[in-house]
Amino acid sequence: MDYAEGLRSIVETSPLFAGRRVRIDVIANPVAGGFTIKKKSRANRAALETTVERSRRLPVVAEVVAVSTCFTESAGHAGRIAREVLASASRAEGAAVLFLLVVAGGDGTSHDVQGEFTRFVLDEGHPEIADRVCVLRLPFGTGNDGSDGKTLAESLSLLAGATRFSRQSAVRVSTRGINPSSRYAFNIASIGLDAFVTHMTNRIKNRLPGDFYKLWLDIACLFYNKIYRVGKMSVVARDARGAEIMRHSDTMILYLMGASGHRTYGSSKNILPRDENVCGIKEMSVFRKLTLKRSLETGGHADSPETYMYTAQEMEISYDERIYLQLDGEGILLEAKDFPLVMELTEPFMMILAANN
């Protein structure tokens, strides 16, 4: 069964889209594991067929005016395809149609599409897009920490089940040093040990298939402070009204901000297990690192004495050493001259699907 046509059947009978005219644009990465790994591919096909079969028993309540699928051919191609969809949605005739922009790939493909969406809406001034385009991120990659559901069945249930339209913020990361710039994360932005692990995992992943995150996390716990000097990090955090809620200076091995709480990264590591969207972890002995690493699976690190957990709208970080920045699985090396660094939540602007509570 063709995925795009399967989505058509689900959307046509979904109460969420009742009375609406919908255009479905699928951006798919054909080399993502959800397509190429036989076990995952079979499970995904089965999830699609099961959901479509259920939809066929329901009345048609929405009109799907068009369905298209575009396959990515290289890094960055997903963003260029998304740009064309967004441009169509921004035209006057696009106001009468809801564009369902479906991303079928890993976190990298999803980040490319959402990055283009953000630049188009926030940086280039197309606020009308926020009401015309809904983004659905399907889990076809390795980690799928930024997808709407850990399995395809869970993701498709958002289209067919008791759901609602919601707005999501992004994390804007700005350097205010010699070469100021802004980047975005849609799941988690972080600096430190975990960002280094992400960078090294990606280097190996480009040469060998598989998930090497756990291997590099073990290596980093042992040797990270031998590779990069772990210095004092000064942090000032503020709430949505601009009031200061946290100020401290400690030797930190990582610091991060999520677009919200209850988020994972690094193949489902439960780094933000509660409502708080900020986590910082102090430097510690190798034994404590290995112990704390195991608690990341369950979120037990949140109650560790080495951990800062709180909710913030913005935080400014000062640091005098080289350190890696991680944005939804993409690593970037920062120099001391790039600091201070600011992480802040944008306004909620990206339409997504959310389960009813």
# chains A, B, ... in the order shown; residues from 1 in each chain; ligands from 1

$ residues_around --residues "Met351 (chain A)" --least-positions-apart "6" --cutoff "12 Å" --atoms "only C-alpha atoms" --output "PyMOL selection string"
chain A and resi 98-101+114+117-118+121+127-137+164-170

$ residues_around --residues "region 304-319 of chain A" --least-positions-apart "3" --cutoff "8 Å" --atoms "only C-alpha atoms" --output "PDB file with C-alpha atoms, in the first residue's frame"
ATOM      1  CA  GLY A 231      35.380  24.541  32.872  1.00  0.00           C
ATOM      2  CA  LYS A 232      33.091  26.730  34.918  1.00  0.00           C
ATOM      3  CA  MET A 233      29.803  27.569  33.265  1.00  0.00           C
ATOM      4  CA  SER A 234      27.827  30.614  34.367  1.00  0.00           C
ATOM      5  CA  VAL A 235      24.068  30.471  33.782  1.00  0.00           C
ATOM      6  CA  VAL A 236      21.347  33.081  34.219  1.00  0.00           C
ATOM      7  CA  ALA A 237      17.765  31.874  33.585  1.00  0.00           C
ATOM      8  CA  ARG A 238      14.536  33.874  33.287  1.00  0.00           C
ATOM      9  CA  ASP A 239      10.838  33.117  33.138  1.00  0.00           C
ATOM     10  CA  ALA A 240       8.292  34.257  30.526  1.00  0.00           C
ATOM     11  CA  ILE A 245      14.668  32.549  38.381  1.00  0.00           C
ATOM     12  CA  ASP A 275       7.315  19.190  33.298  1.00  0.00           C
ATOM     13  CA  GLU A 276      10.651  21.026  33.599  1.00  0.00           C
ATOM     14  CA  ASN A 277      12.243  21.961  30.259  1.00  0.00           C
ATOM     15  CA  VAL A 278      15.793  22.671  31.505  1.00  0.00           C
ATOM     16  CA  CYS A 279      18.403  20.233  32.790  1.00  0.00           C
ATOM     17  CA  GLY A 280      22.009  20.827  33.824  1.00  0.00           C
ATOM     18  CA  ILE A 281      24.390  18.221  35.239  1.00  0.00           C
ATOM     19  CA  LYS A 282      27.565  19.013  37.186  1.00  0.00           C
ATOM     20  CA  GLU A 283      30.946  17.422  36.648  1.00  0.00           C
ATOM     21  CA  MET A 284      31.462  14.336  38.837  1.00  0.00           C
ATOM     22  CA  GLY A 300      16.045   8.993  37.843  1.00  0.00           C
ATOM     23  CA  HIS A 301      18.818  11.563  37.291  1.00  0.00           C
ATOM     24  CA  ALA A 336      35.003  30.461  23.557  1.00  0.00           C
ATOM     25  CA  PHE A 339      29.826  32.961  24.031  1.00  0.00           C
ATOM     26  CA  PRO A 340      27.679  34.131  25.682  1.00  0.00           C
ATOM     27  CA  LEU A 341      25.110  31.720  24.279  1.00  0.00           C
ATOM     28  CA  VAL A 342      21.365  32.254  24.660  1.00  0.00           C
ATOM     29  CA  MET A 343      18.745  29.499  24.579  1.00  0.00           C
ATOM     30  CA  GLU A 344      15.147  30.709  24.534  1.00  0.00           C
ATOM     31  CA  LEU A 345      11.684  29.436  23.689  1.00  0.00           C
TER      32      LEU A 345
END

$ atom_distance --atom1 "CA of Gly6 (chain A)" --atom2 "CA of Leu48 (chain A)"
6.8 Å

$ residues_around --residues "region 50-62 of chain A" --least-positions-apart "6" --cutoff "6 Å" --atoms "only C-alpha atoms" --output "PyMOL selection string"
chain A and resi 10+12-13+17-20

$ select_by_dssp --residues "region 43-273 of chain A" --states "strand (DSSP E or B)" --output "PyMOL selection string"
chain A and resi 63-71+98-105+133-139+163-168+171-175+181-185+188-192+232-238+244-258+263-265+269-272

$ write_last_selection --atoms "C-alpha atoms" --output "PDB file, in the first residue's frame"
ATOM      1  CA  GLU A  63     -12.132  16.375   1.254  1.00  0.00           C
ATOM      2  CA  VAL A  64      -8.522  15.578   0.340  1.00  0.00           C
ATOM      3  CA  VAL A  65      -7.880  17.816  -2.653  1.00  0.00           C
ATOM      4  CA  ALA A  66      -4.367  16.566  -3.487  1.00  0.00           C
ATOM      5  CA  VAL A  67      -1.748  14.050  -2.354  1.00  0.00           C
ATOM      6  CA  SER A  68       1.942  14.126  -3.265  1.00  0.00           C
ATOM      7  CA  THR A  69       5.129  12.372  -2.209  1.00  0.00           C
ATOM      8  CA  CYS A  70       8.649  13.741  -2.678  1.00  0.00           C
ATOM      9  CA  PHE A  71      11.746  11.685  -1.863  1.00  0.00           C
ATOM     10  CA  LEU A  98      -5.194  22.970   5.262  1.00  0.00           C
ATOM     11  CA  PHE A  99      -1.763  21.682   4.215  1.00  0.00           C
ATOM     12  CA  LEU A 100      -0.795  18.504   6.073  1.00  0.00           C
ATOM     13  CA  LEU A 101       3.000  18.372   5.785  1.00  0.00           C
ATOM     14  CA  VAL A 102       4.098  14.832   6.645  1.00  0.00           C
ATOM     15  CA  VAL A 103       7.758  14.035   7.329  1.00  0.00           C
ATOM     16  CA  ALA A 104       8.705  10.356   6.934  1.00  0.00           C
ATOM     17  CA  GLY A 105      12.334  10.112   7.967  1.00  0.00           C
ATOM     18  CA  VAL A 133       0.127  24.176   7.611  1.00  0.00           C
ATOM     19  CA  CYS A 134       0.083  21.309  10.109  1.00  0.00           C
ATOM     20  CA  VAL A 135       3.282  19.264  10.534  1.00  0.00           C
ATOM     21  CA  LEU A 136       3.170  15.525  11.263  1.00  0.00           C
ATOM     22  CA  ARG A 137       6.519  13.827  12.009  1.00  0.00           C
ATOM     23  CA  LEU A 138       6.458  10.078  11.417  1.00  0.00           C
ATOM     24  CA  PRO A 139       9.087   7.822  13.101  1.00  0.00           C
ATOM     25  CA  THR A 163      -6.825  14.506  18.986  1.00  0.00           C
ATOM     26  CA  ARG A 164      -6.619  18.268  18.627  1.00  0.00           C
ATOM     27  CA  PHE A 165      -4.543  20.860  16.832  1.00  0.00           C
ATOM     28  CA  SER A 166      -1.864  22.386  19.050  1.00  0.00           C
ATOM     29  CA  ARG A 167       0.947  24.930  18.693  1.00  0.00           C
ATOM     30  CA  GLN A 168       4.556  24.079  19.497  1.00  0.00           C
ATOM     31  CA  VAL A 171      14.283  26.511  21.081  1.00  0.00           C
ATOM     32  CA  ARG A 172      16.159  29.411  19.517  1.00  0.00           C
ATOM     33  CA  VAL A 173      19.910  29.211  20.137  1.00  0.00           C
ATOM     34  CA  SER A 174      21.823  32.445  19.561  1.00  0.00           C
ATOM     35  CA  THR A 175      25.518  33.144  19.831  1.00  0.00           C
ATOM     36  CA  SER A 181      24.033  33.687  14.612  1.00  0.00           C
ATOM     37  CA  SER A 182      20.778  31.920  15.471  1.00  0.00           C
ATOM     38  CA  ARG A 183      19.809  28.275  15.081  1.00  0.00           C
ATOM     39  CA  TYR A 184      16.761  26.275  16.129  1.00  0.00           C
ATOM     40  CA  ALA A 185      15.954  22.999  17.854  1.00  0.00           C
ATOM     41  CA  ILE A 188      16.223  19.566  22.609  1.00  0.00           C
ATOM     42  CA  ALA A 189      19.223  21.907  22.335  1.00  0.00           C
ATOM     43  CA  SER A 190      22.211  21.094  24.518  1.00  0.00           C
ATOM     44  CA  ILE A 191      25.888  21.770  25.076  1.00  0.00           C
ATOM     45  CA  GLY A 192      28.528  19.520  26.596  1.00  0.00           C
ATOM     46  CA  LYS A 232      33.091  26.730  34.918  1.00  0.00           C
ATOM     47  CA  MET A 233      29.803  27.569  33.265  1.00  0.00           C
ATOM     48  CA  SER A 234      27.827  30.614  34.367  1.00  0.00           C
ATOM     49  CA  VAL A 235      24.068  30.471  33.782  1.00  0.00           C
ATOM     50  CA  VAL A 236      21.347  33.081  34.219  1.00  0.00           C
ATOM     51  CA  ALA A 237      17.765  31.874  33.585  1.00  0.00           C
ATOM     52  CA  ARG A 238      14.536  33.874  33.287  1.00  0.00           C
ATOM     53  CA  GLU A 244      15.375  36.005  36.951  1.00  0.00           C
ATOM     54  CA  ILE A 245      14.668  32.549  38.381  1.00  0.00           C
ATOM     55  CA  MET A 246      18.137  30.960  38.469  1.00  0.00           C
ATOM     56  CA  ARG A 247      21.744  32.153  38.615  1.00  0.00           C
ATOM     57  CA  HIS A 248      24.693  29.871  39.284  1.00  0.00           C
ATOM     58  CA  SER A 249      28.266  29.140  38.279  1.00  0.00           C
ATOM     59  CA  ASP A 250      29.460  25.521  38.384  1.00  0.00           C
ATOM     60  CA  THR A 251      31.648  23.092  36.518  1.00  0.00           C
ATOM     61  CA  MET A 252      29.038  21.498  34.256  1.00  0.00           C
ATOM     62  CA  ILE A 253      29.302  18.508  31.916  1.00  0.00           C
ATOM     63  CA  LEU A 254      26.084  19.366  30.087  1.00  0.00           C
ATOM     64  CA  TYR A 255      23.261  21.888  29.943  1.00  0.00           C
ATOM     65  CA  LEU A 256      20.121  21.709  27.839  1.00  0.00           C
ATOM     66  CA  MET A 257      16.734  23.225  27.068  1.00  0.00           C
ATOM     67  CA  GLY A 258      13.768  21.389  25.558  1.00  0.00           C
ATOM     68  CA  ARG A 263      11.201  14.825  26.157  1.00  0.00           C
ATOM     69  CA  THR A 264      13.805  12.226  25.210  1.00  0.00           C
ATOM     70  CA  TYR A 265      16.967  12.268  23.104  1.00  0.00           C
ATOM     71  CA  LYS A 269      17.090   8.670  26.850  1.00  0.00           C
ATOM     72  CA  ASN A 270      14.589  10.208  29.278  1.00  0.00           C
ATOM     73  CA  ILE A 271      16.504  13.433  29.892  1.00  0.00           C
ATOM     74  CA  LEU A 272      13.421  15.609  30.624  1.00  0.00           C
TER      75      LEU A 272
END

$ select_by_dssp --residues "region 106-208 of chain A" --states "alpha helix (DSSP H)" --output "MDAnalysis selection string"
chainID A and resid 107:118 129:132 152:160 193:205

$ write_last_selection --atoms "N, CA and C atoms" --output "CSV table (one decimal), in the first residue's frame"
chain,number,residue,atom,x,y,z
A,107,ASP,N,15.4,12.0,12.6
A,107,ASP,CA,15.4,13.3,13.2
A,107,ASP,C,16.0,14.4,12.3
A,108,GLY,N,17.0,14.0,11.5
A,108,GLY,CA,17.7,14.9,10.7
A,108,GLY,C,16.7,15.5,9.6
A,109,THR,N,16.0,14.6,9.0
A,109,THR,CA,15.0,15.0,8.0
A,109,THR,C,13.9,15.9,8.6
A,110,SER,N,13.5,15.5,9.8
A,110,SER,CA,12.5,16.3,10.5
A,110,SER,C,13.0,17.7,10.8
A,111,HIS,N,14.3,17.7,11.3
A,111,HIS,CA,14.9,19.0,11.6
A,111,HIS,C,15.0,19.9,10.4
A,112,ASP,N,15.3,19.4,9.3
A,112,ASP,CA,15.4,20.2,8.0
A,112,ASP,C,14.1,20.8,7.7
A,113,VAL,N,13.0,20.0,7.8
A,113,VAL,CA,11.7,20.5,7.4
A,113,VAL,C,11.2,21.6,8.4
A,114,GLN,N,11.4,21.3,9.7
A,114,GLN,CA,11.0,22.3,10.7
A,114,GLN,C,11.8,23.5,10.7
A,115,GLY,N,13.1,23.4,10.4
A,115,GLY,CA,13.9,24.6,10.3
A,115,GLY,C,13.5,25.5,9.2
A,116,GLU,N,13.1,24.9,8.0
A,116,GLU,CA,12.6,25.7,6.9
A,116,GLU,C,11.3,26.4,7.3
A,117,PHE,N,10.4,25.6,8.0
A,117,PHE,CA,9.1,26.2,8.5
A,117,PHE,C,9.4,27.4,9.4
A,118,THR,N,10.3,27.3,10.3
A,118,THR,CA,10.6,28.3,11.3
A,118,THR,C,11.2,29.6,10.6
A,129,ILE,N,1.1,31.3,7.7
A,129,ILE,CA,1.4,29.9,7.5
A,129,ILE,C,1.1,29.1,8.7
A,130,ALA,N,1.2,29.7,9.9
A,130,ALA,CA,0.9,29.0,11.2
A,130,ALA,C,-0.5,28.5,11.2
A,131,ASP,N,-1.5,29.1,10.5
A,131,ASP,CA,-2.9,28.6,10.4
A,131,ASP,C,-3.2,27.7,9.2
A,132,ARG,N,-2.2,27.6,8.3
A,132,ARG,CA,-2.5,26.9,7.1
A,132,ARG,C,-1.7,25.6,6.9
A,152,LEU,N,4.9,3.9,14.3
A,152,LEU,CA,4.0,4.5,13.3
A,152,LEU,C,2.5,4.3,13.7
A,153,ALA,N,2.2,3.2,14.4
A,153,ALA,CA,0.8,3.0,14.8
A,153,ALA,C,0.4,4.2,15.7
A,154,GLU,N,1.3,4.5,16.7
A,154,GLU,CA,1.0,5.6,17.6
A,154,GLU,C,0.8,7.0,16.8
A,155,SER,N,1.7,7.2,15.9
A,155,SER,CA,1.6,8.4,15.1
A,155,SER,C,0.3,8.5,14.3
A,156,LEU,N,0.0,7.4,13.6
A,156,LEU,CA,-1.2,7.4,12.8
A,156,LEU,C,-2.5,7.6,13.6
A,157,SER,N,-2.4,7.1,14.9
A,157,SER,CA,-3.6,7.3,15.8
A,157,SER,C,-3.9,8.7,16.0
A,158,LEU,N,-2.9,9.6,15.9
A,158,LEU,CA,-3.1,11.1,16.0
A,158,LEU,C,-4.0,11.6,14.9
A,159,LEU,N,-3.9,11.0,13.7
A,159,LEU,CA,-4.8,11.3,12.6
A,159,LEU,C,-6.2,10.8,12.8
A,160,ALA,N,-6.3,9.6,13.4
A,160,ALA,CA,-7.6,8.9,13.4
A,160,ALA,C,-8.3,9.0,14.7
A,193,LEU,N,28.8,17.2,27.2
A,193,LEU,CA,29.1,15.8,26.9
A,193,LEU,C,28.2,15.1,25.9
A,194,ASP,N,26.9,15.4,26.1
A,194,ASP,CA,25.9,14.7,25.3
A,194,ASP,C,26.0,15.2,23.8
A,195,ALA,N,26.3,16.4,23.6
A,195,ALA,CA,26.5,17.0,22.3
A,195,ALA,C,27.7,16.4,21.6
A,196,PHE,N,28.8,16.2,22.4
A,196,PHE,CA,30.0,15.5,21.9
A,196,PHE,C,29.6,14.1,21.5
A,197,VAL,N,28.8,13.4,22.3
A,197,VAL,CA,28.4,12.0,22.0
A,197,VAL,C,27.6,12.0,20.7
A,198,THR,N,26.7,12.9,20.5
A,198,THR,CA,25.9,13.0,19.3
A,198,THR,C,26.8,13.2,18.1
A,199,HIS,N,27.8,14.1,18.2
A,199,HIS,CA,28.7,14.4,17.1
A,199,HIS,C,29.5,13.1,16.7
A,200,MET,N,30.1,12.4,17.7
A,200,MET,CA,30.8,11.2,17.4
A,200,MET,C,30.0,10.1,16.8
A,201,THR,N,28.7,10.0,17.3
A,201,THR,CA,27.8,9.0,16.8
A,201,THR,C,27.5,9.2,15.3
A,202,ASN,N,27.3,10.5,15.0
A,202,ASN,CA,27.0,10.8,13.6
A,202,ASN,C,28.2,10.5,12.7
A,203,ARG,N,29.4,10.8,13.2
A,203,ARG,CA,30.6,10.5,12.4
A,203,ARG,C,30.6,9.0,12.0
A,204,ILE,N,30.3,8.1,13.0
A,204,ILE,CA,30.4,6.7,12.7
A,204,ILE,C,29.2,6.3,11.9
A,205,LYS,N,28.0,6.9,12.2
A,205,LYS,CA,26.8,6.5,11.5
A,205,LYS,C,26.9,6.8,10.0

$ atom_distance --atom1 "CA of Arg42 (chain A)" --atom2 "CA of Gly79 (chain A)"
27.6 Å

$ atom_distance --atom1 "CA of Ala28 (chain A)" --atom2 "CA of Arg83 (chain A)"
14.7 Å

$ decode --residues "region 53-95 of chain A" --atoms "N, CA and C atoms" --output "PDB file, in the first residue's frame"
ATOM      1  N   GLU A  53      -7.596   0.171   7.252  1.00  0.00           N
ATOM      2  CA  GLU A  53      -8.740  -0.746   7.292  1.00  0.00           C
ATOM      3  C   GLU A  53      -9.806  -0.239   8.260  1.00  0.00           C
ATOM      4  N   ARG A  54      -9.387   0.292   9.392  1.00  0.00           N
ATOM      5  CA  ARG A  54     -10.350   0.856  10.345  1.00  0.00           C
ATOM      6  C   ARG A  54     -11.051   2.067   9.741  1.00  0.00           C
ATOM      7  N   SER A  55     -10.286   2.901   9.021  1.00  0.00           N
ATOM      8  CA  SER A  55     -10.865   4.121   8.459  1.00  0.00           C
ATOM      9  C   SER A  55     -11.923   3.820   7.400  1.00  0.00           C
ATOM     10  N   ARG A  56     -11.781   2.708   6.712  1.00  0.00           N
ATOM     11  CA  ARG A  56     -12.723   2.367   5.642  1.00  0.00           C
ATOM     12  C   ARG A  56     -14.118   2.034   6.164  1.00  0.00           C
ATOM     13  N   ARG A  57     -14.233   1.790   7.454  1.00  0.00           N
ATOM     14  CA  ARG A  57     -15.540   1.499   8.043  1.00  0.00           C
ATOM     15  C   ARG A  57     -16.259   2.778   8.463  1.00  0.00           C
ATOM     16  N   LEU A  58     -15.590   3.917   8.306  1.00  0.00           N
ATOM     17  CA  LEU A  58     -16.146   5.188   8.761  1.00  0.00           C
ATOM     18  C   LEU A  58     -16.606   6.044   7.583  1.00  0.00           C
ATOM     19  N   PRO A  59     -17.522   6.976   7.818  1.00  0.00           N
ATOM     20  CA  PRO A  59     -17.981   7.847   6.732  1.00  0.00           C
ATOM     21  C   PRO A  59     -16.917   8.878   6.357  1.00  0.00           C
ATOM     22  N   VAL A  60     -16.928   9.301   5.110  1.00  0.00           N
ATOM     23  CA  VAL A  60     -16.018  10.359   4.648  1.00  0.00           C
ATOM     24  C   VAL A  60     -16.544  11.696   5.154  1.00  0.00           C
ATOM     25  N   VAL A  61     -15.674  12.440   5.868  1.00  0.00           N
ATOM     26  CA  VAL A  61     -16.096  13.727   6.457  1.00  0.00           C
ATOM     27  C   VAL A  61     -15.217  14.889   6.001  1.00  0.00           C
ATOM     28  N   ALA A  62     -14.137  14.589   5.284  1.00  0.00           N
ATOM     29  CA  ALA A  62     -13.232  15.641   4.814  1.00  0.00           C
ATOM     30  C   ALA A  62     -12.899  15.409   3.352  1.00  0.00           C
ATOM     31  N   GLU A  63     -12.516  16.467   2.666  1.00  0.00           N
ATOM     32  CA  GLU A  63     -12.132  16.375   1.254  1.00  0.00           C
ATOM     33  C   GLU A  63     -10.617  16.525   1.124  1.00  0.00           C
ATOM     34  N   VAL A  64      -9.956  15.503   0.621  1.00  0.00           N
ATOM     35  CA  VAL A  64      -8.522  15.578   0.340  1.00  0.00           C
ATOM     36  C   VAL A  64      -8.365  16.013  -1.113  1.00  0.00           C
ATOM     37  N   VAL A  65      -7.907  17.232  -1.310  1.00  0.00           N
ATOM     38  CA  VAL A  65      -7.880  17.816  -2.653  1.00  0.00           C
ATOM     39  C   VAL A  65      -6.655  17.386  -3.457  1.00  0.00           C
ATOM     40  N   ALA A  66      -5.581  16.984  -2.774  1.00  0.00           N
ATOM     41  CA  ALA A  66      -4.367  16.566  -3.487  1.00  0.00           C
ATOM     42  C   ALA A  66      -3.479  15.784  -2.537  1.00  0.00           C
ATOM     43  N   VAL A  67      -2.724  14.844  -3.110  1.00  0.00           N
ATOM     44  CA  VAL A  67      -1.748  14.050  -2.354  1.00  0.00           C
ATOM     45  C   VAL A  67      -0.474  13.972  -3.177  1.00  0.00           C
ATOM     46  N   SER A  68       0.668  14.240  -2.543  1.00  0.00           N
ATOM     47  CA  SER A  68       1.942  14.126  -3.265  1.00  0.00           C
ATOM     48  C   SER A  68       3.008  13.561  -2.335  1.00  0.00           C
ATOM     49  N   THR A  69       3.982  12.891  -2.955  1.00  0.00           N
ATOM     50  CA  THR A  69       5.129  12.372  -2.209  1.00  0.00           C
ATOM     51  C   THR A  69       6.407  12.796  -2.906  1.00  0.00           C
ATOM     52  N   CYS A  70       7.335  13.377  -2.152  1.00  0.00           N
ATOM     53  CA  CYS A  70       8.649  13.741  -2.678  1.00  0.00           C
ATOM     54  C   CYS A  70       9.714  13.028  -1.856  1.00  0.00           C
ATOM     55  N   PHE A  71      10.668  12.405  -2.538  1.00  0.00           N
ATOM     56  CA  PHE A  71      11.746  11.685  -1.863  1.00  0.00           C
ATOM     57  C   PHE A  71      13.006  12.546  -1.835  1.00  0.00           C
ATOM     58  N   THR A  72      13.649  12.591  -0.683  1.00  0.00           N
ATOM     59  CA  THR A  72      14.874  13.378  -0.567  1.00  0.00           C
ATOM     60  C   THR A  72      16.029  12.660  -1.268  1.00  0.00           C
ATOM     61  N   GLU A  73      16.953  13.454  -1.780  1.00  0.00           N
ATOM     62  CA  GLU A  73      18.082  12.901  -2.523  1.00  0.00           C
ATOM     63  C   GLU A  73      19.418  13.219  -1.881  1.00  0.00           C
ATOM     64  N   SER A  74      19.438  14.160  -0.921  1.00  0.00           N
ATOM     65  CA  SER A  74      20.694  14.555  -0.285  1.00  0.00           C
ATOM     66  C   SER A  74      20.383  15.343   0.979  1.00  0.00           C
ATOM     67  N   ALA A  75      21.428  15.632   1.756  1.00  0.00           N
ATOM     68  CA  ALA A  75      21.252  16.435   2.969  1.00  0.00           C
ATOM     69  C   ALA A  75      20.734  17.825   2.589  1.00  0.00           C
ATOM     70  N   GLY A  76      19.749  18.305   3.301  1.00  0.00           N
ATOM     71  CA  GLY A  76      19.193  19.626   3.033  1.00  0.00           C
ATOM     72  C   GLY A  76      18.070  19.633   2.007  1.00  0.00           C
ATOM     73  N   HIS A  77      17.904  18.529   1.261  1.00  0.00           N
ATOM     74  CA  HIS A  77      16.883  18.483   0.221  1.00  0.00           C
ATOM     75  C   HIS A  77      15.476  18.569   0.814  1.00  0.00           C
ATOM     76  N   ALA A  78      15.284  17.978   2.002  1.00  0.00           N
ATOM     77  CA  ALA A  78      13.963  18.018   2.642  1.00  0.00           C
ATOM     78  C   ALA A  78      13.529  19.454   2.897  1.00  0.00           C
ATOM     79  N   GLY A  79      14.471  20.291   3.311  1.00  0.00           N
ATOM     80  CA  GLY A  79      14.146  21.697   3.550  1.00  0.00           C
ATOM     81  C   GLY A  79      13.728  22.412   2.278  1.00  0.00           C
ATOM     82  N   ARG A  80      14.399  22.098   1.173  1.00  0.00           N
ATOM     83  CA  ARG A  80      14.061  22.752  -0.099  1.00  0.00           C
ATOM     84  C   ARG A  80      12.675  22.321  -0.581  1.00  0.00           C
ATOM     85  N   ILE A  81      12.344  21.054  -0.367  1.00  0.00           N
ATOM     86  CA  ILE A  81      10.996  20.589  -0.736  1.00  0.00           C
ATOM     87  C   ILE A  81       9.956  21.289   0.138  1.00  0.00           C
ATOM     88  N   ALA A  82      10.247  21.369   1.429  1.00  0.00           N
ATOM     89  CA  ALA A  82       9.318  22.029   2.354  1.00  0.00           C
ATOM     90  C   ALA A  82       9.093  23.475   1.961  1.00  0.00           C
ATOM     91  N   ARG A  83      10.138  24.142   1.510  1.00  0.00           N
ATOM     92  CA  ARG A  83      10.023  25.545   1.088  1.00  0.00           C
ATOM     93  C   ARG A  83       8.979  25.695  -0.023  1.00  0.00           C
ATOM     94  N   GLU A  84       8.958  24.759  -0.964  1.00  0.00           N
ATOM     95  CA  GLU A  84       7.984  24.823  -2.054  1.00  0.00           C
ATOM     96  C   GLU A  84       6.562  24.643  -1.538  1.00  0.00           C
ATOM     97  N   VAL A  85       6.380  23.738  -0.579  1.00  0.00           N
ATOM     98  CA  VAL A  85       5.051  23.534   0.005  1.00  0.00           C
ATOM     99  C   VAL A  85       4.609  24.783   0.755  1.00  0.00           C
ATOM    100  N   LEU A  86       5.495  25.368   1.525  1.00  0.00           N
ATOM    101  CA  LEU A  86       5.173  26.565   2.299  1.00  0.00           C
ATOM    102  C   LEU A  86       4.845  27.744   1.391  1.00  0.00           C
ATOM    103  N   ALA A  87       5.582  27.848   0.301  1.00  0.00           N
ATOM    104  CA  ALA A  87       5.298  28.931  -0.645  1.00  0.00           C
ATOM    105  C   ALA A  87       3.898  28.776  -1.236  1.00  0.00           C
ATOM    106  N   SER A  88       3.508  27.542  -1.525  1.00  0.00           N
ATOM    107  CA  SER A  88       2.151  27.298  -2.043  1.00  0.00           C
ATOM    108  C   SER A  88       1.104  27.670  -1.002  1.00  0.00           C
ATOM    109  N   ALA A  89       1.363  27.308   0.243  1.00  0.00           N
ATOM    110  CA  ALA A  89       0.410  27.593   1.311  1.00  0.00           C
ATOM    111  C   ALA A  89       0.283  29.087   1.584  1.00  0.00           C
ATOM    112  N   SER A  90       1.334  29.851   1.313  1.00  0.00           N
ATOM    113  CA  SER A  90       1.309  31.289   1.612  1.00  0.00           C
ATOM    114  C   SER A  90       0.521  32.094   0.596  1.00  0.00           C
ATOM    115  N   ARG A  91       0.287  31.507  -0.593  1.00  0.00           N
ATOM    116  CA  ARG A  91      -0.481  32.219  -1.608  1.00  0.00           C
ATOM    117  C   ARG A  91      -1.938  32.337  -1.193  1.00  0.00           C
ATOM    118  N   ALA A  92      -2.622  33.290  -1.743  1.00  0.00           N
ATOM    119  CA  ALA A  92      -4.011  33.582  -1.341  1.00  0.00           C
ATOM    120  C   ALA A  92      -4.904  32.360  -1.459  1.00  0.00           C
ATOM    121  N   GLU A  93      -4.719  31.576  -2.542  1.00  0.00           N
ATOM    122  CA  GLU A  93      -5.599  30.425  -2.744  1.00  0.00           C
ATOM    123  C   GLU A  93      -5.350  29.337  -1.697  1.00  0.00           C
ATOM    124  N   GLY A  94      -4.207  29.430  -1.012  1.00  0.00           N
ATOM    125  CA  GLY A  94      -3.903  28.436   0.017  1.00  0.00           C
ATOM    126  C   GLY A  94      -4.700  28.626   1.287  1.00  0.00           C
ATOM    127  N   ALA A  95      -5.368  29.766   1.446  1.00  0.00           N
ATOM    128  CA  ALA A  95      -6.098  30.054   2.679  1.00  0.00           C
ATOM    129  C   ALA A  95      -7.278  29.123   2.890  1.00  0.00           C
TER     130      ALA A  95
END
